[in-house]
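**Student:** The structure file upload_9.tsv (TSV, C-alpha atoms) is provided below.
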chain	number	residue	atom	x	y	z
A	271	MET	CA	50.73	60.26	-33.28
A	272	LEU	CA	47.97	62.07	-31.37
A	273	ILE	CA	44.87	59.93	-30.83
A	274	ASN	CA	41.86	62.18	-30.29
A	275	SER	CA	39.13	60.16	-31.98
A	276	LYS	CA	38.17	56.60	-32.79
A	277	ASP	CA	39.06	57.23	-36.42
A	278	ASP	CA	42.54	58.29	-35.30
A	279	PHE	CA	42.82	55.00	-33.40
A	280	LYS	CA	41.71	52.97	-36.43
A	281	ASN	CA	44.30	54.73	-38.59
A	282	PHE	CA	46.97	54.11	-35.95
A	283	VAL	CA	46.17	50.38	-35.84
A	284	LYS	CA	46.14	50.18	-39.63
A	285	GLU	CA	49.56	51.84	-39.77
A	286	VAL	CA	51.05	49.49	-37.14
A	287	GLN	CA	49.65	46.38	-38.80
A	288	SER	CA	51.04	47.44	-42.17
A	289	LYS	CA	54.62	47.18	-40.87
A	290	SER	CA	56.58	44.27	-42.29
A	291	SER	CA	57.56	43.05	-38.83
A	292	TYR	CA	53.97	42.94	-37.53
A	293	LYS	CA	52.31	39.57	-36.98
A	294	ASN	CA	48.93	38.80	-35.45
A	295	PRO	CA	49.21	36.58	-32.37
A	296	LYS	CA	47.16	33.48	-31.66
A	297	ALA	CA	46.64	34.64	-28.08
A	298	PHE	CA	47.79	37.36	-25.71
A	299	GLY	CA	47.16	38.92	-22.32
A	300	ILE	CA	48.66	40.85	-19.44
A	301	ALA	CA	49.77	38.76	-16.44
A	302	ARG	CA	50.57	39.62	-12.87
A	303	LEU	CA	53.74	37.70	-12.00
A	304	ASP	CA	54.69	35.90	-8.81
A	305	LYS	CA	58.48	35.93	-8.76
A	306	SER	CA	60.99	33.57	-7.18
A	307	GLN	CA	62.01	34.20	-3.57
A	308	LEU	CA	65.62	33.46	-4.56
A	309	ASN	CA	65.89	34.85	-8.10
A	310	LYS	CA	63.77	37.87	-9.01
A	311	ASP	CA	64.25	37.14	-12.72
A	312	LYS	CA	62.44	33.81	-12.41
A	313	THR	CA	58.65	33.58	-12.68
A	314	LEU	CA	56.80	31.05	-10.54
A	315	GLN	CA	53.20	31.86	-11.50
A	316	ALA	CA	51.35	34.10	-13.96
A	317	THR	CA	47.84	35.36	-13.21
A	318	PHE	CA	45.61	36.68	-16.01
A	319	SER	CA	42.26	38.39	-15.49
A	320	LEU	CA	41.59	38.37	-19.24
A	321	VAL	CA	43.00	36.32	-22.11
A	322	ASN	CA	42.46	37.02	-25.80
A	323	TYR	CA	42.34	34.31	-28.46
A	324	GLU	CA	42.36	35.29	-32.14
A	325	GLU	CA	40.69	38.60	-31.28
A	326	ASN	CA	41.29	42.22	-30.23
A	327	PHE	CA	44.23	42.77	-32.56
A	328	GLY	CA	43.85	46.53	-32.13
A	329	THR	CA	44.84	46.16	-28.48
A	330	PHE	CA	47.76	43.95	-29.46
A	331	SER	CA	48.87	46.55	-32.02
A	332	VAL	CA	49.09	49.18	-29.28
A	333	PHE	CA	51.53	47.09	-27.27
A	334	PHE	CA	53.44	46.01	-30.37
A	335	GLU	CA	54.12	49.70	-31.09
A	336	ALA	CA	54.92	50.47	-27.44
A	337	PHE	CA	57.61	47.81	-27.40
A	338	LEU	CA	58.90	48.86	-30.80
A	339	GLN	CA	59.45	52.36	-29.49
A	340	ARG	CA	61.82	51.03	-26.88
A	341	GLY	CA	63.64	48.81	-29.35
A	342	LEU	CA	61.81	45.52	-28.79
A	343	GLU	CA	60.33	43.63	-31.71
A	344	ILE	CA	57.98	40.73	-30.96
A	345	GLY	CA	56.63	38.13	-33.35
A	346	ASN	CA	59.92	36.64	-34.52
A	347	ASP	CA	59.60	33.74	-32.08
A	348	SER	CA	56.73	31.37	-31.26
A	349	GLU	CA	56.01	33.33	-28.07
A	350	ALA	CA	56.88	36.59	-26.38
A	351	VAL	CA	57.12	37.61	-22.74
A	352	VAL	CA	57.84	41.30	-22.18
A	353	GLU	CA	57.95	42.64	-18.65
A	354	LEU	CA	55.93	45.85	-18.68
A	355	LYS	CA	57.46	49.22	-17.91
A	356	GLU	CA	55.54	52.30	-16.85
A	357	GLU	CA	56.25	53.90	-20.22
A	358	ASP	CA	54.42	51.00	-21.95
A	359	ILE	CA	51.35	51.51	-19.79
A	360	ASN	CA	51.31	55.28	-20.28
A	361	PHE	CA	51.72	54.91	-24.03
A	362	ALA	CA	48.87	52.40	-24.24
A	363	LEU	CA	46.52	54.57	-22.18
A	364	LEU	CA	47.37	57.54	-24.43
A	365	MET	CA	46.48	55.50	-27.52
A	366	PHE	CA	43.23	54.37	-25.90
A	367	LYS	CA	42.22	57.96	-25.03
A	368	PRO	CA	38.95	57.92	-27.09
A	369	PHE	CA	37.75	54.83	-25.20
A	370	LEU	CA	38.80	55.55	-21.62
A	371	ASP	CA	35.42	56.84	-20.46
A	372	GLU	CA	33.42	54.05	-22.12
A	373	LYS	CA	32.38	50.82	-20.44
A	374	GLY	CA	32.84	47.36	-21.89
A	375	HIS	CA	36.47	47.59	-23.05
A	376	LYS	CA	37.87	44.71	-21.02
A	377	ASN	CA	41.50	45.03	-22.10
A	378	ILE	CA	41.47	48.71	-21.16
A	379	ASP	CA	39.97	47.81	-17.77
A	380	VAL	CA	42.86	45.40	-17.23
A	381	LEU	CA	45.34	48.10	-18.19
A	382	LYS	CA	43.79	50.54	-15.72
A	383	ALA	CA	44.15	47.97	-12.95
A	384	VAL	CA	47.79	47.37	-13.93
A	385	LYS	CA	48.43	51.12	-13.77
A	386	LYS	CA	46.86	51.22	-10.29
A	387	TYR	CA	48.99	48.41	-8.86
A	388	PHE	CA	52.13	48.82	-10.97
A	389	ASN	CA	54.44	49.93	-8.16
A	390	SER	CA	53.57	46.96	-5.95
A	391	ALA	CA	53.80	44.10	-8.47
A	392	SER	CA	55.47	42.84	-11.63
A	393	PHE	CA	53.45	42.55	-14.83
A	394	ALA	CA	54.22	41.05	-18.22
A	395	PHE	CA	52.67	41.16	-21.67
A	396	VAL	CA	52.48	37.56	-22.93
A	397	ALA	CA	51.76	36.52	-26.51
A	398	ILE	CA	51.66	33.26	-28.45
A	399	PHE	CA	52.30	33.43	-32.19
A	400	ASP	CA	52.69	29.76	-33.06
A	401	ASP	CA	51.17	26.88	-31.16
A	402	VAL	CA	54.30	24.86	-30.48
A	403	GLU	CA	55.74	23.50	-27.24
A	404	PRO	CA	55.73	26.31	-24.64
A	405	LYS	CA	59.10	27.68	-23.58
A	406	SER	CA	58.18	29.89	-20.63
A	407	VAL	CA	56.15	29.65	-17.44
A	408	GLU	CA	54.11	32.62	-18.65
A	409	CYS	CA	53.24	30.89	-21.92
A	410	VAL	CA	52.20	27.69	-20.15
A	411	TYR	CA	49.87	29.68	-17.91
A	412	LEU	CA	48.39	31.53	-20.90
A	413	LYS	CA	47.55	28.18	-22.50
A	414	LEU	CA	46.08	26.84	-19.26
A	415	TYR	CA	43.90	29.94	-19.03
A	416	LEU	CA	42.73	29.52	-22.62
A	417	LEU	CA	41.57	26.01	-21.72
A	418	SER	CA	40.02	26.74	-18.34
A	419	ASN	CA	38.24	29.84	-19.66
A	420	LYS	CA	36.94	27.74	-22.56
A	421	LYS	CA	38.50	29.96	-25.21
A	422	VAL	CA	39.74	26.86	-27.03
A	423	GLU	CA	38.65	23.24	-27.26
A	424	LEU	CA	40.24	20.49	-25.22
A	425	ARG	CA	43.32	18.88	-26.82
A	426	SER	CA	43.58	21.78	-29.29
A	427	LEU	CA	46.75	23.34	-27.81
A	428	ASN	CA	50.30	22.02	-27.77
A	429	LEU	CA	51.21	21.49	-24.11
A	430	ASN	CA	54.06	19.07	-24.71
A	431	GLY	CA	56.91	19.88	-22.37
A	432	ALA	CA	54.78	21.95	-19.99
A	433	PHE	CA	55.84	19.77	-17.06
A	434	SER	CA	59.50	20.48	-17.67
A	435	VAL	CA	58.86	24.24	-17.94
A	436	LEU	CA	56.89	24.62	-14.69
A	437	PRO	CA	58.86	24.41	-11.42
A	438	ASN	CA	57.70	22.14	-8.61
A	439	LEU	CA	56.49	24.44	-5.84
A	440	ALA	CA	54.97	24.58	-2.40
A	441	TRP	CA	51.63	26.39	-2.41
A	442	SER	CA	50.30	28.38	0.55
A	443	ASP	CA	46.97	30.20	0.19
A	444	ASN	CA	47.36	29.99	-3.59
A	445	LYS	CA	50.82	31.62	-3.48
A	446	PRO	CA	53.87	29.72	-4.79
A	447	ILE	CA	56.97	29.23	-2.64
A	448	GLU	CA	60.17	27.64	-3.87
A	449	LEU	CA	61.12	24.47	-2.03
A	450	GLU	CA	64.77	25.53	-2.02
A	451	TYR	CA	63.80	28.79	-0.31
A	452	LEU	CA	62.08	26.80	2.43
A	453	ARG	CA	65.16	24.59	2.83
A	454	GLN	CA	67.57	27.53	3.00
A	455	ASN	CA	65.42	29.40	5.53
A	456	GLU	CA	64.00	26.48	7.50
A	457	ASN	CA	65.65	27.41	10.81
A	458	GLU	CA	64.64	31.05	10.66
A	459	LEU	CA	61.07	30.36	9.54
A	460	LYS	CA	60.40	27.63	12.08
A	461	MET	CA	62.11	29.22	15.08
A	462	SER	CA	60.36	32.56	14.42
A	463	GLY	CA	56.98	30.85	14.06
A	464	THR	CA	56.56	32.14	10.50
A	465	TYR	CA	56.84	28.83	8.64
A	466	PRO	CA	53.98	28.92	6.09
A	467	LYS	CA	51.04	26.53	6.03
A	468	ILE	CA	51.74	24.36	2.99
A	469	ASP	CA	48.53	23.29	1.27
A	470	PHE	CA	50.14	21.09	-1.39
A	471	VAL	CA	53.27	20.65	-3.52
A	472	ASP	CA	52.81	20.53	-7.30
A	473	LYS	CA	53.77	22.17	-10.57
A	474	PHE	CA	50.20	23.24	-11.28
A	475	PRO	CA	47.98	25.49	-9.15
A	476	ARG	CA	44.34	24.69	-8.52
A	477	PHE	CA	41.59	25.65	-10.93
A	478	LEU	CA	39.70	27.76	-8.40
A	479	ALA	CA	42.79	29.86	-7.65
A	480	HIS	CA	42.51	31.33	-11.15
A	481	VAL	CA	39.06	30.68	-12.63
A	482	ILE	CA	35.57	31.79	-11.61
A	483	PRO	CA	33.16	29.02	-12.67
A	484	GLU	CA	29.58	29.45	-13.88
A	485	ASP	CA	26.83	29.81	-11.29
A	486	ASN	CA	25.57	26.25	-11.87
A	487	THR	CA	29.01	24.61	-11.66
A	488	ARG	CA	29.93	23.00	-8.34
A	489	ILE	CA	33.40	22.00	-7.13
A	490	LEU	CA	33.12	20.60	-3.63
A	491	GLU	CA	36.88	20.45	-2.96
A	492	SER	CA	39.33	22.85	-4.59
A	493	SER	CA	42.01	20.15	-4.73
A	494	LYS	CA	39.89	18.09	-7.13
A	495	VAL	CA	40.43	20.26	-10.21
A	496	ARG	CA	43.82	21.26	-11.60
A	497	MET	CA	44.40	24.52	-13.45
A	498	GLY	CA	44.02	23.87	-17.19
A	499	ALA	CA	40.92	21.72	-16.71
A	500	TYR	CA	37.87	22.50	-18.84
A	501	LEU	CA	34.54	22.37	-17.01
A	502	ALA	CA	31.31	22.93	-18.90
A	503	ALA	CA	28.56	24.84	-17.13
A	504	GLY	CA	26.47	22.59	-14.92
A	505	THR	CA	29.27	20.15	-14.10
A	506	THR	CA	29.46	18.89	-10.52
A	507	ILE	CA	32.79	17.72	-9.09
A	508	MET	CA	32.16	15.71	-5.95
A	509	PRO	CA	34.67	15.21	-3.11
A	510	GLY	CA	36.44	11.93	-2.39
A	511	ALA	CA	37.81	10.14	-5.45
A	512	ALA	CA	36.83	12.81	-8.01
A	513	TYR	CA	39.61	14.55	-9.96
A	514	VAL	CA	40.01	16.47	-13.22
A	515	ASN	CA	43.49	16.95	-14.66
A	516	PHE	CA	44.75	19.71	-16.95
A	517	ASN	CA	43.75	19.56	-20.64
A	518	ALA	CA	40.84	17.33	-19.64
A	519	GLY	CA	37.26	17.83	-18.60
A	520	THR	CA	33.63	18.03	-19.61
A	521	THR	CA	31.95	19.53	-22.68
A	522	GLY	CA	28.48	19.51	-21.12
A	523	ALA	CA	26.88	19.18	-17.69
A	524	CYS	CA	28.18	16.02	-16.00
A	525	MET	CA	28.36	14.35	-12.61
A	526	VAL	CA	31.97	13.58	-11.71
A	527	GLU	CA	32.69	11.30	-8.76
A	528	GLY	CA	35.67	9.62	-10.42
A	529	ARG	CA	38.88	10.58	-12.21
A	530	ILE	CA	39.25	12.31	-15.57
A	531	SER	CA	42.91	11.95	-16.48
A	532	SER	CA	44.86	14.30	-18.71
A	533	SER	CA	43.48	14.61	-22.28
A	534	ALA	CA	40.26	12.73	-21.44
A	535	VAL	CA	37.08	14.44	-22.67
A	536	VAL	CA	33.60	13.71	-21.27
A	537	ALA	CA	30.43	14.75	-23.10
A	538	GLU	CA	27.15	16.10	-21.78
A	539	GLY	CA	24.93	14.07	-19.48
A	540	THR	CA	27.54	11.53	-18.46
A	541	ASP	CA	27.86	10.22	-14.90
A	542	ILE	CA	31.32	9.15	-13.75
A	543	GLY	CA	30.62	7.00	-10.71
A	544	GLY	CA	32.51	7.03	-7.42
A	545	GLY	CA	36.13	5.98	-7.89
A	546	ALA	CA	35.73	5.33	-11.64
A	547	SER	CA	38.84	6.09	-13.70
A	548	ILE	CA	39.20	7.28	-17.28
A	549	LEU	CA	42.74	6.51	-18.33
A	550	GLY	CA	44.94	9.31	-19.65
A	551	VAL	CA	47.50	9.30	-22.42
A	552	LEU	CA	50.24	8.25	-19.98
A	553	SER	CA	48.29	5.51	-18.19
A	554	GLY	CA	47.72	2.51	-20.41
A	555	THR	CA	46.08	3.86	-23.57
A	556	SER	CA	49.14	3.65	-25.85
A	557	GLY	CA	49.00	7.41	-26.10
A	558	ASN	CA	45.45	7.41	-27.49
A	559	ALA	CA	43.35	10.17	-25.91
A	560	ILE	CA	39.96	8.97	-24.65
A	561	SER	CA	36.62	10.60	-25.31
A	562	ILE	CA	33.45	9.54	-23.49
A	563	GLY	CA	30.18	10.20	-25.33
A	564	LYS	CA	26.90	11.69	-24.19
A	565	LYS	CA	24.70	10.11	-21.51
A	566	CYS	CA	27.14	7.41	-20.48
A	567	LEU	CA	27.53	5.82	-17.07
A	568	LEU	CA	30.87	4.66	-15.70
A	569	GLY	CA	30.04	2.53	-12.68
A	570	ALA	CA	31.75	2.90	-9.33
A	571	ASN	CA	35.41	1.80	-9.36
A	572	SER	CA	35.31	0.91	-13.05
A	573	VAL	CA	38.22	1.62	-15.41
A	574	THR	CA	37.76	2.82	-18.98
A	575	GLY	CA	40.73	2.67	-21.33
A	576	ILE	CA	39.00	3.05	-24.72
A	577	PRO	CA	36.88	5.84	-26.25
A	578	LEU	CA	33.14	5.33	-25.83
A	579	GLY	CA	30.30	6.59	-28.01
A	580	ASP	CA	26.96	7.81	-26.71
A	581	ASN	CA	24.69	5.92	-24.29
A	582	CYS	CA	27.28	3.45	-23.04
A	583	ILE	CA	27.56	1.82	-19.62
A	584	VAL	CA	30.58	0.26	-17.96
A	585	ASP	CA	29.40	-1.73	-14.98
A	586	ALA	CA	30.84	-1.11	-11.54
A	587	GLY	CA	34.17	-2.69	-10.72
A	588	ILE	CA	35.24	-3.86	-14.18
A	589	ALA	CA	38.12	-2.68	-16.36
A	590	ILE	CA	37.72	-2.14	-20.10
A	591	LEU	CA	41.27	-1.85	-21.40
A	592	GLU	CA	42.51	-1.83	-24.98
A	593	GLY	CA	43.38	-5.53	-24.92
A	594	THR	CA	40.38	-6.77	-22.89
A	595	LYS	CA	38.54	-9.57	-24.72
A	596	ILE	CA	34.86	-8.67	-25.13
A	597	LEU	CA	32.09	-11.16	-25.99
A	598	ILE	CA	29.50	-9.45	-28.22
A	599	LYS	CA	25.78	-9.94	-27.73
A	600	ASP	CA	22.79	-8.33	-29.49
A	601	LYS	CA	24.78	-7.98	-32.72
A	602	GLU	CA	21.87	-7.02	-34.95
A	603	ASP	CA	20.60	-4.37	-32.54
A	604	LEU	CA	24.08	-2.90	-32.11
A	605	GLU	CA	24.60	-2.72	-35.87
A	606	LYS	CA	21.42	-0.65	-36.23
A	607	ILE	CA	22.80	2.13	-34.01
A	608	ASN	CA	26.37	1.86	-35.29
A	609	LYS	CA	25.97	2.33	-39.03
A	610	GLY	CA	28.85	0.96	-41.05
A	611	PHE	CA	30.23	-1.31	-38.31
A	612	LYS	CA	29.73	-5.04	-38.92
A	613	PHE	CA	29.83	-7.38	-35.94
A	614	ASN	CA	31.16	-10.37	-37.86
A	615	LYS	CA	32.75	-12.23	-34.95
A	616	ASP	CA	31.91	-13.09	-31.38
A	617	LEU	CA	35.05	-11.96	-29.60
A	618	TYR	CA	36.72	-8.55	-29.97
A	619	LYS	CA	39.54	-6.70	-28.34
A	620	ALA	CA	38.02	-3.70	-26.60
A	621	MET	CA	40.12	-1.35	-28.73
A	622	GLU	CA	38.24	-2.60	-31.81
A	623	LEU	CA	35.01	-1.30	-30.28
A	624	SER	CA	36.33	2.23	-29.71
A	625	GLY	CA	33.77	4.97	-30.15
A	626	LEU	CA	30.75	2.73	-30.69
A	627	ASN	CA	27.36	3.73	-29.31
A	628	GLY	CA	24.97	1.89	-27.02
A	629	LEU	CA	27.36	-0.64	-25.50
A	630	HIS	CA	26.72	-2.05	-22.05
A	631	PHE	CA	29.87	-3.67	-20.69
A	632	ARG	CA	29.27	-6.20	-17.92
A	633	MET	CA	31.02	-9.17	-16.34
A	634	ASN	CA	29.62	-12.69	-15.93
A	635	SER	CA	29.85	-13.29	-12.19
A	636	GLN	CA	30.33	-17.07	-12.70
A	637	ASN	CA	33.11	-17.25	-15.27
A	638	GLY	CA	34.52	-13.67	-15.36
A	639	GLN	CA	33.79	-13.18	-19.07
A	640	ILE	CA	33.27	-9.54	-20.00
A	641	SER	CA	30.58	-8.95	-22.59
A	642	ALA	CA	29.06	-6.03	-24.46
A	643	SER	CA	25.35	-5.99	-25.21
A	644	LEU	CA	22.81	-3.37	-26.27
A	645	ASN	CA	22.35	-0.79	-23.53
A	646	LYS	CA	18.65	-0.67	-22.65
A	647	LYS	CA	18.98	1.73	-19.74
A	648	ALA	CA	18.63	5.50	-19.98
A	649	VAL	CA	21.25	7.56	-18.14
A	650	LYS	CA	19.64	10.71	-16.77
A	651	LEU	CA	21.26	13.25	-14.50
A	652	ASN	CA	19.20	14.87	-11.77
A	653	LYS	CA	18.45	18.30	-13.24
A	654	GLN	CA	18.15	19.82	-9.77
A	655	LEU	CA	21.82	19.03	-9.17
A	656	HIS	CA	23.10	20.56	-12.41
Since I need it in another form, could you write the structure as structure tokens?

**Tutor:**
Amino acid sequence: MLINSKDDFKNFVKEVQSKSSYKNPKAFGIARLDKSQLNKDKTLQATFSLVNYEENFGTFSVFFEAFLQRGLEIGNDSEAVVELKEEDINFALLMFKPFLDEKGHKNIDVLKAVKKYFNSASFAFVAIFDDVEPKSVECVYLKLYLLSNKKVELRSLNLNGAFSVLPNLAWSDNKPIELEYLRQNENELKMSGTYPKIDFVDKFPRFLAHVIPEDNTRILESSKVRMGAYLAAGTTIMPGAAYVNFNAGTTGACMVEGRISSSAVVAEGTDIGGGASILGVLSGTSGNAISIGKKCLLGANSVTGIPLGDNCIVDAGIAILEGTKILIKDKEDLEKINKGFKFNKDLYKAMELSGLNGLHFRMNSQNGQISASLNKKAVKLNKQLH
């Protein structure tokens, strides 16, 4: 089909999407692949400059047809990874002819860049059709990008099994190197003086290796944020004990001087004090993901193992775990801001207080009793810092 006008393109897309084998993806994008040093069929890392989520199905239709013309049908599995050939790129650019001279078509801009660098790198078209456990490195990276680019909400994607899919790698200047390659070539690399500077060893790259944050977001050490983290604009990640894991992060401007473990979500205006820890789903919460509400304060070196509502404080140095016994004070005042919850006893397990607003957890310095009373302090971030 010759595409000479935008109407021709619309008709082309309509024809492709009418085919019985066609299926809209949940997400898709083109990735530049870093391949194994030992096995060129193995992908170590996938880099996307643009990811699409439930959008731009016309662009997807172009690639669906390109693959179909060389005998490949995608959409029958939960995901698809197709290594691009030059014929795919040329076909796509031919279909996009009416748009090539216009600005603002981001997927076409990506395709032009792929065309420019095609002979020096490997590229793949990656698509997700059903949000199930990822099967490929490329699919894991696509999901991490969707999170870190804030295309989807935290905890909305299935990342079960991602650890087993991603290989453990040495990273040098954001490039992955297989550990086995280093072992096999240790003598040659070291004696020739070409042994690489290893920055860290992990399955996940760093957030800043793949994501450009907003102008008012600060990350003072690149090692403090893992790829797949979700950082709202205005968030500050301090050095030292701060850390944000994948599928975790902030939904509004926050100060982070402590640890946000995997699947933990922190709302706007919250201050996570130096060394404070929010437990993740694998660290003592019985698999229950923790959310921290708006304008909370987690004191230095505190531990929070239950969800908190808005305007809560956990004093420095204390641990609020699911089974921690909490003495309740200010019952009537707390009931007023927690409609529907009746404080009908004096002692609660912390888990029973999950998600309540206005709690101030503190420890009696004489007998060690941890109590929760009405929080009368306002937590305010310094606007100049966010």

**Student:** At a cut-off of 12 Å from (54.7, 45.8, -41.0) in the coordinates of the file, what residues are picked up using only C-alpha atoms, written as a ChimeraX atom specification?

**Tutor:** /A:283-294,331,334-335,338,343-345

**Student:** Keeping C-alpha atoms, export the residues of the selection given above as a PDB file, in the coordinates of the input.

**Tutor:**
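So out-v8.pdb came out as:
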ATOM      1  CA  VAL A 283      46.170  50.380 -35.840  1.00  0.00           C
ATOM      2  CA  LYS A 284      46.140  50.180 -39.630  1.00  0.00           C
ATOM      3  CA  GLU A 285      49.560  51.840 -39.770  1.00  0.00           C
ATOM      4  CA  VAL A 286      51.050  49.490 -37.140  1.00  0.00           C
ATOM      5  CA  GLN A 287      49.650  46.380 -38.800  1.00  0.00           C
ATOM      6  CA  SER A 288      51.040  47.440 -42.170  1.00  0.00           C
ATOM      7  CA  LYS A 289      54.620  47.180 -40.870  1.00  0.00           C
ATOM      8  CA  SER A 290      56.580  44.270 -42.290  1.00  0.00           C
ATOM      9  CA  SER A 291      57.560  43.050 -38.830  1.00  0.00           C
ATOM     10  CA  TYR A 292      53.970  42.940 -37.530  1.00  0.00           C
ATOM     11  CA  LYS A 293      52.310  39.570 -36.980  1.00  0.00           C
ATOM     12  CA  ASN A 294      48.930  38.800 -35.450  1.00  0.00           C
ATOM     13  CA  SER A 331      48.870  46.550 -32.020  1.00  0.00           C
ATOM     14  CA  PHE A 334      53.440  46.010 -30.370  1.00  0.00           C
ATOM     15  CA  GLU A 335      54.120  49.700 -31.090  1.00  0.00           C
ATOM     16  CA  LEU A 338      58.900  48.860 -30.800  1.00  0.00           C
ATOM     17  CA  GLU A 343      60.330  43.630 -31.710  1.00  0.00           C
ATOM     18  CA  ILE A 344      57.980  40.730 -30.960  1.00  0.00           C
ATOM     19  CA  GLY A 345      56.630  38.130 -33.350  1.00  0.00           C
TER      20      GLY A 345
END

**Student:** Hey, could you make a per-residue contact list for range 291-343 of chain A against range 395-402 of chain A with 6 Å as the cut-off, showing the nearest pair of atoms and its distance in Å to one decimal, counting only C-alpha atoms, sorted by chain and number, as a tab-separated table?

**Tutor:**
residue	atom	partner	partner_atom	distance
A:Pro295	CA	A:Phe399	CA	4.4
A:Lys296	CA	A:Phe399	CA	5.2
A:Ala297	CA	A:Ile398	CA	5.2
A:Phe298	CA	A:Ala397	CA	4.1
A:Gly299	CA	A:Val396	CA	5.5
A:Ile300	CA	A:Phe395	CA	4.6

**Student:** CA of Ala301 in chain A to CA of Gly519 in chain A: how many Å, to one decimal?

**Tutor:**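 Taking CA of Ala301 in chain A as the start and CA of Gly519 in chain A as the end point, the length is 24.5 Å.
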
**Student:** Write out as JSON, numbers by chain the residues lying within 6 Å of range 528-545 of chain A, counting all atoms listed in the file and excluding same-chain residues fewer than 5 positions away.

**Tutor:** {"A": [511, 512, 513, 514, 515, 516, 517, 518, 519, 520, 521, 522, 523, 550, 559, 560, 561, 562, 563, 564, 565, 566, 567, 568, 569, 570, 571]}

**Student:** Please measure the separation of CA of Phe474 in chain A and CA of Asn430 in chain A, giving the value in Å to one decimal.

**Tutor:**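 CA of Asn430 in chain A lies at a distance of 14.6 Å from CA of Phe474 in chain A.
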
**Student:** May I ask you to restore N, CA and C atoms in range 419-434 of chain A and write the result as a compact mmCIF listing (two decimals), keeping the file's coordinate frame?

**Tutor:**
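What ended up in out.txt:
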# COMPACT_ATOMS: atom_id res chain seq x y z
N ASN A 419 39.25 28.83 -19.34
CA ASN A 419 38.24 29.84 -19.66
C ASN A 419 37.45 29.48 -20.92
N LYS A 420 37.68 28.29 -21.42
CA LYS A 420 36.94 27.74 -22.56
C LYS A 420 37.04 28.62 -23.81
N LYS A 421 38.22 29.21 -23.99
CA LYS A 421 38.50 29.96 -25.21
C LYS A 421 38.86 29.03 -26.36
N VAL A 422 39.35 27.85 -26.03
CA VAL A 422 39.74 26.86 -27.03
C VAL A 422 39.17 25.51 -26.62
N GLU A 423 39.13 24.58 -27.56
CA GLU A 423 38.65 23.24 -27.26
C GLU A 423 39.73 22.42 -26.57
N LEU A 424 39.30 21.42 -25.83
CA LEU A 424 40.24 20.49 -25.22
C LEU A 424 41.09 19.82 -26.29
N ARG A 425 42.35 19.57 -25.95
CA ARG A 425 43.32 18.88 -26.82
C ARG A 425 43.65 19.67 -28.08
N SER A 426 43.32 20.98 -28.10
CA SER A 426 43.58 21.78 -29.29
C SER A 426 44.89 22.55 -29.20
N LEU A 427 45.50 22.59 -28.00
CA LEU A 427 46.75 23.34 -27.81
C LEU A 427 47.91 22.38 -27.56
N ASN A 428 49.09 22.80 -27.99
CA ASN A 428 50.30 22.02 -27.77
C ASN A 428 50.84 22.32 -26.37
N LEU A 429 50.69 21.35 -25.48
CA LEU A 429 51.21 21.49 -24.11
C LEU A 429 52.35 20.52 -23.84
N ASN A 430 52.91 19.95 -24.89
CA ASN A 430 54.06 19.07 -24.71
C ASN A 430 55.21 19.84 -24.05
N GLY A 431 55.79 19.24 -23.05
CA GLY A 431 56.91 19.88 -22.37
C GLY A 431 56.51 20.83 -21.27
N ALA A 432 55.21 21.01 -21.03
CA ALA A 432 54.78 21.95 -19.99
C ALA A 432 55.31 21.55 -18.62
N PHE A 433 55.36 20.24 -18.36
CA PHE A 433 55.84 19.77 -17.06
C PHE A 433 57.29 20.19 -16.81
N SER A 434 58.09 20.13 -17.85
CA SER A 434 59.50 20.48 -17.67
C SER A 434 59.70 21.99 -17.54
